[in-house]
file coords.pdb (PDB, C-alpha atoms, pLDDT in the B column)
ATOM      1  CA  PRO A  26       0.000   0.000   0.000  1.00 95.00           C
ATOM      2  CA  LYS A  27       1.016   3.572  -0.699  1.00 96.00           C
ATOM      3  CA  ILE A  28      -0.503   6.794   0.661  1.00 96.00           C
ATOM      4  CA  GLY A  29      -2.931   8.173  -1.925  1.00 95.00           C
ATOM      5  CA  GLU A  30      -3.998   4.795  -3.327  1.00 97.00           C
ATOM      6  CA  THR A  31      -7.625   3.718  -3.018  1.00 97.00           C
ATOM      7  CA  MET A  32      -8.522   0.206  -1.896  1.00 98.00           C
ATOM      8  CA  ALA A  33     -11.840  -1.631  -1.947  1.00 98.00           C
ATOM      9  CA  ASP A  34     -13.328  -4.921  -0.780  1.00 98.00           C
ATOM     10  CA  LEU A  35     -16.733  -5.421  -2.419  1.00 97.00           C
ATOM     11  CA  ALA A  36     -17.783  -8.257  -0.072  1.00 97.00           C
ATOM     12  CA  CYS A  37     -15.934  -7.050   2.990  1.00 97.00           C
ATOM     13  CA  GLY A  38     -17.529  -9.072   5.796  1.00 95.00           C
ATOM     14  CA  THR A  39     -16.219  -7.777   9.115  1.00 95.00           C
ATOM     15  CA  GLY A  40     -13.487  -5.775   7.337  1.00 96.00           C
ATOM     16  CA  GLY A  41     -10.451  -8.052   7.713  1.00 95.00           C
ATOM     17  CA  PHE A  42      -8.806  -7.103   4.411  1.00 96.00           C
ATOM     18  CA  ILE A  43      -9.566  -3.402   4.925  1.00 97.00           C
ATOM     19  CA  THR A  44      -8.043  -3.281   8.417  1.00 96.00           C
ATOM     20  CA  SER A  45      -4.992  -5.263   7.212  1.00 95.00           C
ATOM     21  CA  TRP A  46      -4.530  -2.660   4.464  1.00 96.00           C
ATOM     22  CA  LEU A  47      -4.800   0.179   6.997  1.00 96.00           C
ATOM     23  CA  SER A  48      -2.303  -1.491   9.363  1.00 94.00           C
ATOM     24  CA  GLU A  49       0.240  -1.726   6.520  1.00 95.00           C
ATOM     25  CA  LEU A  50      -0.436   1.867   5.453  1.00 95.00           C
ATOM     26  CA  GLU A  51      -0.427   3.591   8.862  1.00 94.00           C
ATOM     27  CA  PRO A  52       3.393   3.698   9.351  1.00 96.00           C
ATOM     28  CA  GLN A  53       3.649   5.808   6.157  1.00 96.00           C
ATOM     29  CA  ILE A  54       1.618   8.715   7.610  1.00 95.00           C
ATOM     30  CA  GLN A  55       3.860  11.760   8.061  1.00 96.00           C
ATOM     31  CA  THR A  56       1.650  14.820   7.442  1.00 96.00           C
ATOM     32  CA  THR A  57      -1.943  15.913   8.046  1.00 95.00           C
ATOM     33  CA  ASP A  58      -2.489  15.531   4.290  1.00 96.00           C
ATOM     34  CA  ASP A  59      -1.322  11.900   4.575  1.00 95.00           C
ATOM     35  CA  GLN A  60      -3.720  11.408   7.495  1.00 94.00           C
ATOM     36  CA  GLU A  61      -6.641  12.716   5.411  1.00 94.00           C
ATOM     37  CA  LYS A  62      -5.772  10.452   2.490  1.00 95.00           C
ATOM     38  CA  TYR A  63      -5.446   7.510   4.902  1.00 94.00           C
ATOM     39  CA  ALA A  64      -8.915   8.160   6.320  1.00 93.00           C
ATOM     40  CA  ARG A  65     -10.487   8.387   2.845  1.00 94.00           C
ATOM     41  CA  CYS A  66      -8.656   5.618   0.990  1.00 96.00           C
ATOM     42  CA  ILE A  67     -10.908   2.632   1.743  1.00 96.00           C
ATOM     43  CA  TYR A  68     -14.307   1.476   0.473  1.00 97.00           C
ATOM     44  CA  GLY A  69     -16.333  -1.570   1.464  1.00 97.00           C
ATOM     45  CA  ILE A  70     -19.680  -3.175   0.670  1.00 97.00           C
ATOM     46  CA  GLU A  71     -21.318  -5.886   2.765  1.00 97.00           C
ATOM     47  CA  LYS A  72     -24.698  -7.481   2.117  1.00 96.00           C
ATOM     48  CA  LYS A  73     -25.370  -9.032   5.537  1.00 96.00           C
ATOM     49  CA  GLN A  74     -26.456  -6.779   8.391  1.00 97.00           C
ATOM     50  CA  PHE A  75     -24.422  -8.257  11.264  1.00 97.00           C
ATOM     51  CA  PRO A  76     -20.983  -8.389   9.545  1.00 97.00           C
ATOM     52  CA  TYR A  77     -21.679  -4.889   8.173  1.00 98.00           C
ATOM     53  CA  ILE A  78     -22.158  -3.497  11.714  1.00 97.00           C
ATOM     54  CA  LEU A  79     -19.022  -5.339  12.893  1.00 97.00           C
ATOM     55  CA  CYS A  80     -17.050  -3.910   9.958  1.00 97.00           C
ATOM     56  CA  VAL A  81     -18.068  -0.321  10.758  1.00 97.00           C
ATOM     57  CA  THR A  82     -17.162  -0.889  14.438  1.00 96.00           C
ATOM     58  CA  ASN A  83     -13.851  -2.452  13.401  1.00 95.00           C
ATOM     59  CA  LEU A  84     -12.961   0.611  11.301  1.00 95.00           C
ATOM     60  CA  LEU A  85     -13.952   3.041  14.065  1.00 95.00           C
ATOM     61  CA  LEU A  86     -11.542   1.160  16.338  1.00 92.00           C
ATOM     62  CA  HIS A  87      -8.850   1.621  13.676  1.00 89.00           C
ATOM     63  CA  GLY A  88      -9.267   5.402  13.770  1.00 88.00           C
ATOM     64  CA  ILE A  89     -11.527   5.818  10.722  1.00 92.00           C
ATOM     65  CA  ASP A  90     -14.163   8.270  12.005  1.00 92.00           C
ATOM     66  CA  GLU A  91     -16.400   8.065   8.938  1.00 93.00           C
ATOM     67  CA  PRO A  92     -16.049   4.527   7.527  1.00 95.00           C
ATOM     68  CA  ASN A  93     -16.901   4.444   3.831  1.00 96.00           C
ATOM     69  CA  VAL A  94     -18.726   1.117   4.044  1.00 97.00           C
ATOM     70  CA  ILE A  95     -22.089   0.481   2.420  1.00 96.00           C
ATOM     71  CA  HIS A  96     -24.750  -1.985   3.490  1.00 97.00           C
ATOM     72  CA  GLY A  97     -25.807  -3.541   0.181  1.00 96.00           C
ATOM     73  CA  ASN A  98     -25.086  -6.046  -2.576  1.00 95.00           C
ATOM     74  CA  ALA A  99     -22.123  -5.180  -4.822  1.00 96.00           C
ATOM     75  CA  LEU A 100     -23.613  -7.328  -7.598  1.00 96.00           C
ATOM     76  CA  THR A 101     -26.712  -5.151  -7.958  1.00 95.00           C
ATOM     77  CA  ILE A 102     -25.516  -1.547  -7.424  1.00 93.00           C
ATOM     78  CA  HIS A 103     -26.066  -0.934 -11.120  1.00 92.00           C
ATOM     79  CA  ASN A 104     -25.522  -2.676 -14.454  1.00 95.00           C
ATOM     80  CA  LEU A 105     -21.986  -3.949 -14.936  1.00 95.00           C
ATOM     81  CA  LEU A 106     -21.458  -2.038 -18.195  1.00 95.00           C
ATOM     82  CA  ASP A 107     -22.440   1.259 -16.556  1.00 95.00           C
ATOM     83  CA  TYR A 108     -19.355   1.496 -14.307  1.00 95.00           C
ATOM     84  CA  THR A 109     -17.065   4.421 -15.060  1.00 94.00           C
ATOM     85  CA  GLU A 110     -13.372   4.995 -14.326  1.00 93.00           C
ATOM     86  CA  ASP A 111     -14.499   7.293 -11.459  1.00 94.00           C
ATOM     87  CA  GLU A 112     -15.915   4.222  -9.715  1.00 95.00           C
ATOM     88  CA  ALA A 113     -12.673   2.234 -10.069  1.00 97.00           C
ATOM     89  CA  PHE A 114      -9.969   1.601  -7.446  1.00 98.00           C
ATOM     90  CA  ASP A 115      -6.181   1.264  -7.394  1.00 98.00           C
ATOM     91  CA  VAL A 116      -6.360  -1.977  -5.414  1.00 98.00           C
ATOM     92  CA  LEU A 117      -9.056  -4.632  -4.927  1.00 98.00           C
ATOM     93  CA  LEU A 118      -8.669  -7.293  -2.225  1.00 98.00           C
ATOM     94  CA  MET A 119     -11.437  -9.866  -1.937  1.00 97.00           C
ATOM     95  CA  ASN A 120     -12.528 -13.218  -0.587  1.00 95.00           C
ATOM     96  CA  PRO A 121     -16.037 -13.239  -2.088  1.00 94.00           C
ATOM     97  CA  PRO A 122     -18.750 -15.729  -1.120  1.00 91.00           C
ATOM     98  CA  TYR A 123     -18.645 -18.887  -3.238  1.00 85.00           C
ATOM     99  CA  GLY A 124     -20.544 -22.121  -3.622  1.00 78.00           C
ATOM    100  CA  GLY A 125     -23.807 -20.163  -3.949  1.00 81.00           C
ATOM    101  CA  ASN A 126     -25.951 -19.521  -7.022  1.00 84.00           C
ATOM    102  CA  GLU A 127     -27.637 -16.260  -7.969  1.00 85.00           C
ATOM    103  CA  LYS A 128     -31.193 -15.837  -9.260  1.00 86.00           C
ATOM    104  CA  ASN A 129     -32.001 -14.308 -12.635  1.00 89.00           C
ATOM    105  CA  ASP A 130     -32.855 -10.895 -11.162  1.00 90.00           C
ATOM    106  CA  VAL A 131     -29.178 -10.605 -10.044  1.00 93.00           C
ATOM    107  CA  LYS A 132     -27.832 -12.013 -13.329  1.00 93.00           C
ATOM    108  CA  ASN A 133     -29.855  -9.359 -15.214  1.00 94.00           C
ATOM    109  CA  TYR A 134     -27.276  -6.775 -14.063  1.00 96.00           C
ATOM    110  CA  PHE A 135     -24.622  -8.568 -16.162  1.00 96.00           C
ATOM    111  CA  PRO A 136     -24.142  -8.941 -19.924  1.00 96.00           C
ATOM    112  CA  ALA A 137     -25.338 -12.373 -21.107  1.00 94.00           C
ATOM    113  CA  ASP A 138     -21.852 -13.665 -21.964  1.00 95.00           C
ATOM    114  CA  LEU A 139     -20.531 -12.964 -18.418  1.00 95.00           C
ATOM    115  CA  ALA A 140     -23.694 -13.853 -16.455  1.00 94.00           C
ATOM    116  CA  SER A 141     -22.545 -16.966 -14.616  1.00 92.00           C
ATOM    117  CA  SER A 142     -24.982 -18.343 -12.062  1.00 88.00           C
ATOM    118  CA  GLU A 143     -22.158 -18.723  -9.498  1.00 92.00           C
ATOM    119  CA  THR A 144     -21.678 -15.891  -6.998  1.00 93.00           C
ATOM    120  CA  ALA A 145     -17.849 -15.884  -7.025  1.00 94.00           C
ATOM    121  CA  ASP A 146     -17.746 -15.567 -10.837  1.00 95.00           C
ATOM    122  CA  LEU A 147     -20.032 -12.534 -10.738  1.00 96.00           C
ATOM    123  CA  PHE A 148     -17.840 -10.864  -8.114  1.00 96.00           C
ATOM    124  CA  LEU A 149     -14.826 -11.361 -10.397  1.00 97.00           C
ATOM    125  CA  ASP A 150     -16.826  -9.679 -13.194  1.00 97.00           C
ATOM    126  CA  VAL A 151     -17.400  -6.667 -10.946  1.00 97.00           C
ATOM    127  CA  MET A 152     -13.709  -6.608  -9.945  1.00 97.00           C
ATOM    128  CA  MET A 153     -12.651  -6.445 -13.602  1.00 98.00           C
ATOM    129  CA  TYR A 154     -14.927  -3.447 -14.197  1.00 97.00           C
ATOM    130  CA  ARG A 155     -13.907  -1.637 -10.994  1.00 97.00           C
ATOM    131  CA  LEU A 156     -10.110  -1.925 -11.224  1.00 98.00           C
ATOM    132  CA  LYS A 157      -8.296   1.189 -12.438  1.00 97.00           C
ATOM    133  CA  ILE A 158      -5.937   1.069 -15.401  1.00 97.00           C
ATOM    134  CA  GLY A 159      -2.597   0.156 -13.811  1.00 97.00           C
ATOM    135  CA  GLY A 160      -4.386  -1.153 -10.708  1.00 98.00           C
ATOM    136  CA  ARG A 161      -3.761  -4.479  -8.979  1.00 98.00           C
ATOM    137  CA  ALA A 162      -5.949  -7.104  -7.363  1.00 98.00           C
ATOM    138  CA  ALA A 163      -5.901 -10.284  -5.302  1.00 98.00           C
ATOM    139  CA  VAL A 164      -8.921 -12.570  -4.916  1.00 98.00           C
ATOM    140  CA  VAL A 165      -9.628 -15.933  -3.306  1.00 96.00           C
ATOM    141  CA  LEU A 166     -11.572 -18.162  -5.721  1.00 95.00           C
ATOM    142  CA  PRO A 167     -12.672 -21.818  -5.610  1.00 92.00           C
ATOM    143  CA  ASP A 168     -11.420 -24.562  -7.941  1.00 88.00           C
ATOM    144  CA  GLY A 169     -14.720 -24.332  -9.787  1.00 87.00           C
ATOM    145  CA  PHE A 170     -13.600 -21.078 -11.375  1.00 91.00           C
ATOM    146  CA  LEU A 171     -10.266 -22.429 -12.637  1.00 91.00           C
ATOM    147  CA  PHE A 172     -11.625 -25.708 -13.979  1.00 90.00           C
ATOM    148  CA  GLY A 173     -15.261 -24.967 -14.858  1.00 87.00           C
ATOM    149  CA  THR A 174     -16.121 -25.139 -18.573  1.00 89.00           C
ATOM    150  CA  ASP A 175     -19.575 -23.592 -18.929  1.00 91.00           C
ATOM    151  CA  ASN A 176     -19.816 -20.690 -21.374  1.00 94.00           C
ATOM    152  CA  ALA A 177     -19.957 -17.851 -18.842  1.00 94.00           C
ATOM    153  CA  LYS A 178     -16.929 -19.182 -16.924  1.00 95.00           C
ATOM    154  CA  LEU A 179     -14.948 -19.531 -20.148  1.00 96.00           C
ATOM    155  CA  ASN A 180     -15.856 -15.978 -21.200  1.00 97.00           C
ATOM    156  CA  ILE A 181     -14.878 -14.561 -17.797  1.00 97.00           C
ATOM    157  CA  LYS A 182     -11.512 -16.367 -17.954  1.00 97.00           C
ATOM    158  CA  LYS A 183     -10.957 -15.188 -21.523  1.00 97.00           C
ATOM    159  CA  LYS A 184     -11.619 -11.574 -20.447  1.00 97.00           C
ATOM    160  CA  LEU A 185      -9.307 -11.965 -17.438  1.00 98.00           C
ATOM    161  CA  LEU A 186      -6.431 -13.327 -19.550  1.00 98.00           C
ATOM    162  CA  THR A 187      -6.784 -11.003 -22.557  1.00 98.00           C
ATOM    163  CA  GLU A 188      -7.488  -7.703 -20.744  1.00 98.00           C
ATOM    164  CA  PHE A 189      -5.624  -8.264 -17.460  1.00 98.00           C
ATOM    165  CA  ASN A 190      -2.270  -9.693 -16.425  1.00 98.00           C
ATOM    166  CA  LEU A 191      -2.965 -12.781 -14.303  1.00 98.00           C
ATOM    167  CA  HIS A 192       0.628 -13.103 -13.137  1.00 98.00           C
ATOM    168  CA  THR A 193       0.342 -15.486 -10.168  1.00 98.00           C
ATOM    169  CA  VAL A 194      -1.927 -18.219  -8.802  1.00 97.00           C
ATOM    170  CA  VAL A 195      -1.250 -19.597  -5.317  1.00 96.00           C
ATOM    171  CA  ARG A 196      -3.062 -22.862  -4.633  1.00 95.00           C
ATOM    172  CA  LEU A 197      -4.028 -23.049  -0.968  1.00 94.00           C
ATOM    173  CA  PRO A 198      -4.055 -26.285   1.035  1.00 91.00           C
ATOM    174  CA  GLY A 199      -7.447 -27.940   1.581  1.00 85.00           C
ATOM    175  CA  SER A 200      -9.465 -27.071   4.702  1.00 86.00           C
ATOM    176  CA  VAL A 201      -8.129 -23.472   4.938  1.00 87.00           C
ATOM    177  CA  PHE A 202     -11.695 -22.216   5.459  1.00 84.00           C
ATOM    178  CA  SER A 203     -12.894 -25.177   7.484  1.00 79.00           C
ATOM    179  CA  PRO A 204     -15.376 -25.549   9.157  1.00 77.00           C
ATOM    180  CA  TYR A 205     -17.219 -23.024   6.950  1.00 80.00           C
ATOM    181  CA  THR A 206     -16.432 -24.763   3.665  1.00 79.00           C
ATOM    182  CA  SER A 207     -14.344 -27.687   2.456  1.00 80.00           C
ATOM    183  CA  ILE A 208     -14.017 -26.245  -1.077  1.00 85.00           C
ATOM    184  CA  THR A 209     -10.393 -26.052  -2.304  1.00 89.00           C
ATOM    185  CA  THR A 210      -9.356 -22.474  -3.035  1.00 93.00           C
ATOM    186  CA  ASN A 211      -6.723 -20.437  -4.884  1.00 96.00           C
ATOM    187  CA  ILE A 212      -5.489 -16.849  -4.616  1.00 97.00           C
ATOM    188  CA  LEU A 213      -5.399 -15.127  -8.007  1.00 98.00           C
ATOM    189  CA  PHE A 214      -3.144 -12.063  -8.330  1.00 98.00           C
ATOM    190  CA  PHE A 215      -3.716  -9.868 -11.382  1.00 98.00           C
ATOM    191  CA  ASP A 216      -3.237  -6.295 -12.524  1.00 98.00           C
ATOM    192  CA  ARG A 217      -4.627  -4.090 -15.264  1.00 98.00           C
ATOM    193  CA  THR A 218      -1.431  -3.474 -17.184  1.00 97.00           C
ATOM    194  CA  GLY A 219      -2.136  -5.422 -20.392  1.00 97.00           C
ATOM    195  CA  PRO A 220      -2.832  -9.029 -21.363  1.00 98.00           C
ATOM    196  CA  THR A 221      -1.400 -12.104 -19.619  1.00 97.00           C
ATOM    197  CA  ASN A 222       1.865 -13.378 -21.087  1.00 97.00           C
ATOM    198  CA  GLU A 223       2.776 -15.889 -18.391  1.00 96.00           C
ATOM    199  CA  THR A 224       1.258 -17.122 -15.135  1.00 97.00           C
ATOM    200  CA  TRP A 225       3.247 -18.495 -12.213  1.00 97.00           C
ATOM    201  CA  PHE A 226       1.655 -21.245 -10.125  1.00 96.00           C
ATOM    202  CA  TYR A 227       2.673 -22.094  -6.570  1.00 96.00           C
ATOM    203  CA  ARG A 228       1.104 -25.025  -4.713  1.00 95.00           C
ATOM    204  CA  LEU A 229       1.217 -24.455  -0.963  1.00 94.00           C
ATOM    205  CA  ASP A 230       0.995 -27.808   0.804  1.00 91.00           C
ATOM    206  CA  MET A 231      -0.204 -28.631   4.313  1.00 91.00           C
ATOM    207  CA  PRO A 232       2.497 -27.677   6.859  1.00 89.00           C
ATOM    208  CA  GLU A 233       4.283 -30.449   8.704  1.00 88.00           C
ATOM    209  CA  GLY A 234       2.393 -31.785  11.690  1.00 86.00           C
ATOM    210  CA  TYR A 235      -1.033 -30.759  10.307  1.00 87.00           C
ATOM    211  CA  LYS A 236      -3.548 -33.167   8.800  1.00 87.00           C
ATOM    212  CA  HIS A 237      -6.048 -30.367   8.259  1.00 88.00           C
ATOM    213  CA  PHE A 238      -6.878 -26.881   9.508  1.00 89.00           C
ATOM    214  CA  SER A 239      -9.778 -26.225  11.853  1.00 86.00           C
ATOM    215  CA  LYS A 240     -11.283 -23.481  13.984  1.00 84.00           C
ATOM    216  CA  THR A 241      -8.894 -24.334  16.833  1.00 87.00           C
ATOM    217  CA  LYS A 242      -5.896 -24.981  14.528  1.00 88.00           C
ATOM    218  CA  PRO A 243      -6.283 -22.313  11.809  1.00 88.00           C
ATOM    219  CA  MET A 244      -3.830 -21.428   9.069  1.00 90.00           C
ATOM    220  CA  ARG A 245      -1.314 -18.871  10.345  1.00 91.00           C
ATOM    221  CA  LEU A 246       0.766 -16.228   8.608  1.00 91.00           C
ATOM    222  CA  GLU A 247       3.967 -18.220   9.145  1.00 93.00           C
ATOM    223  CA  HIS A 248       2.502 -21.039   7.034  1.00 93.00           C
ATOM    224  CA  PHE A 249       2.781 -18.612   4.101  1.00 93.00           C
ATOM    225  CA  ALA A 250       6.533 -18.166   4.626  1.00 94.00           C
ATOM    226  CA  PRO A 251       7.493 -20.471   1.681  1.00 93.00           C
ATOM    227  CA  VAL A 252       5.310 -18.441  -0.705  1.00 95.00           C
ATOM    228  CA  MET A 253       6.710 -15.117   0.534  1.00 94.00           C
ATOM    229  CA  GLU A 254      10.255 -16.405   0.135  1.00 94.00           C
ATOM    230  CA  TRP A 255       9.492 -17.641  -3.385  1.00 96.00           C
ATOM    231  CA  TRP A 256       7.611 -14.457  -4.395  1.00 95.00           C
ATOM    232  CA  ASP A 257      10.760 -12.356  -4.854  1.00 92.00           C
ATOM    233  CA  ASN A 258      12.941 -15.193  -6.162  1.00 92.00           C
ATOM    234  CA  ARG A 259      10.733 -17.289  -8.398  1.00 91.00           C
ATOM    235  CA  GLN A 260      11.798 -20.744  -9.540  1.00 85.00           C
TER     236      GLN A 260
END

call {"tool": "encode", "arguments": {"input": "coords.pdb", "output": "structure tokens"}}
result
Amino acid sequence: PKIGETMADLACGTGGFITSWLSELEPQIQTTDDQEKYARCIYGIEKKQFPYILCVTNLLLHGIDEPNVIHGNALTIHNLLDYTEDEAFDVLLMNPPYGGNEKNDVKNYFPADLASSETADLFLDVMMYRLKIGGRAAVVLPDGFLFGTDNAKLNIKKKLLTEFNLHTVVRLPGSVFSPYTSITTNILFFDRTGPTNETWFYRLDMPEGYKHFSKTKPMRLEHFAPVMEWWDNRQ
């Protein structure tokens, strides 16, 4: 993160990604102008009432007096093709809901070729239309996105690879989100700097001594150490 950049999470839950962003950004504040930019740099949307209230509280505790978080559904703010560059962000960080299907009244907000019935696919659509030119994004998506072959999924992947640079995919170990879901997930890192020329894949295996993650034995930051080491020295 850099002071002056805007960041959004369009399915922000209790605000975990937003507060992580702010924690990384805070040490860079040196002037009152920096402080103002810091307070105005984030944007969140959350559909469910309880996580929305927790997110606002979370941001107040992080020194954001007027949290720019909206209670609503990012998929139905307005038609996908109506987004302008003014509604785009420098950085998008998301772990959207997946495994669910959307009804036709939600899909009507999307052009027919990109109107997948799966929630996670539609969130990726919105991300592609709300990322600034030169912007960067990271999103957690299920295997279904990478390997699905229905028309909408194929069209979304084609758009992602031809209009964005999908430079890295990190495959997460199973059970990362257990007990909430057993679906295997991947983190996709892409930016809006031109088409994809090459994509690096890294498979992160279960750490030694773990059979699976759980609520009492969750994945920790240190389990990501191999990926972080590899990130700057790719082989």

call {"tool": "resolve_selection", "arguments": {"input": "coords.pdb", "expression": "the PyMOL selection byres ((chain A and resi 101-108) around 6)", "output": "list in words"}}
result
Asn98, Ala99, Leu100, Thr109, Tyr134 and Phe135 of chain A

call {"tool": "resolve_selection", "arguments": {"input": "coords.pdb", "expression": "the PyMOL selection byres ((chain A and resi 89) around 12)", "output": "list in words"}}
result
Ile43, Thr44, Leu47, Ser48, Glu51, Gln60, Glu61, Lys62, Tyr63, Ala64, Arg65, Cys66, Ile67, Tyr68, Cys80, Val81, Thr82, Asn83, Leu84, Leu85, Leu86, His87, Gly88, Asp90, Glu91, Pro92, Asn93 and Val94 of chain A

call {"tool": "closest_residue", "arguments": {"input": "coords.pdb", "among": "A:Glu247, A:Glu143, A:Asp216, A:Glu127", "to": "Asp115 (chain A)", "atoms": "all atoms listed in the file"}}
result
A:Asp216

call {"tool": "resolve_selection", "arguments": {"input": "coords.pdb", "expression": "the PyMOL selection byres ((chain A and resi 112) around 9)", "output": "short mmCIF file (atom, residue, chain, number, x, y, z; two decimals) with C-alpha atoms, in the frame of the given file"}}
result
data_model
loop_
_atom_site.label_atom_id
_atom_site.label_comp_id
_atom_site.auth_asym_id
_atom_site.auth_seq_id
_atom_site.Cartn_x
_atom_site.Cartn_y
_atom_site.Cartn_z
CA TYR A 108 -19.36 1.50 -14.31
CA THR A 109 -17.07 4.42 -15.06
CA GLU A 110 -13.37 5.00 -14.33
CA ASP A 111 -14.50 7.29 -11.46
CA ALA A 113 -12.67 2.23 -10.07
CA PHE A 114 -9.97 1.60 -7.45
CA TYR A 154 -14.93 -3.45 -14.20
CA ARG A 155 -13.91 -1.64 -10.99
CA LEU A 156 -10.11 -1.92 -11.22
CA LYS A 157 -8.30 1.19 -12.44
#

call {"tool": "axis_aligned_box", "arguments": {"input": "coords.pdb", "around": "region 231-250 of chain A", "padding_each_side": "3 Å", "output": "lines of an AutoDock Vina configuration file"}}
result
center_x = -2.4
center_y = -24.7
center_z = 10.5
size_x = 23.8
size_y = 22.9
size_z = 18.7

call {"tool": "decode", "arguments": {"input": "coords.pdb", "residues": "region 176-187 of chain A", "atoms": "N, CA and C atoms", "output": "compact mmCIF listing (two decimals), in the first residue's frame"}}
result
# COMPACT_ATOMS: atom_id res chain seq x y z
N ASN A 176 -20.11 -21.84 -20.50
CA ASN A 176 -19.82 -20.69 -21.37
C ASN A 176 -19.44 -19.43 -20.62
N ALA A 177 -20.22 -19.09 -19.58
CA ALA A 177 -19.96 -17.85 -18.84
C ALA A 177 -18.58 -17.90 -18.19
N LYS A 178 -18.25 -19.04 -17.56
CA LYS A 178 -16.93 -19.18 -16.92
C LYS A 178 -15.81 -19.01 -17.95
N LEU A 179 -15.97 -19.63 -19.10
CA LEU A 179 -14.95 -19.53 -20.15
C LEU A 179 -14.79 -18.08 -20.62
N ASN A 180 -15.91 -17.38 -20.76
CA ASN A 180 -15.86 -15.98 -21.20
C ASN A 180 -15.20 -15.08 -20.15
N ILE A 181 -15.48 -15.36 -18.88
CA ILE A 181 -14.88 -14.56 -17.80
C ILE A 181 -13.37 -14.79 -17.80
N LYS A 182 -12.95 -16.06 -17.94
CA LYS A 182 -11.51 -16.37 -17.95
C LYS A 182 -10.83 -15.75 -19.17
N LYS A 183 -11.52 -15.78 -20.31
CA LYS A 183 -10.96 -15.19 -21.52
C LYS A 183 -10.74 -13.68 -21.32
N LYS A 184 -11.74 -13.02 -20.71
CA LYS A 184 -11.62 -11.57 -20.45
C LYS A 184 -10.46 -11.31 -19.48
N LEU A 185 -10.36 -12.14 -18.43
CA LEU A 185 -9.31 -11.97 -17.44
C LEU A 185 -7.92 -12.09 -18.08
N LEU A 186 -7.76 -13.07 -18.97
CA LEU A 186 -6.43 -13.33 -19.55
C LEU A 186 -6.08 -12.39 -20.70
N THR A 187 -7.09 -11.87 -21.41
CA THR A 187 -6.78 -11.00 -22.56
C THR A 187 -6.74 -9.52 -22.19
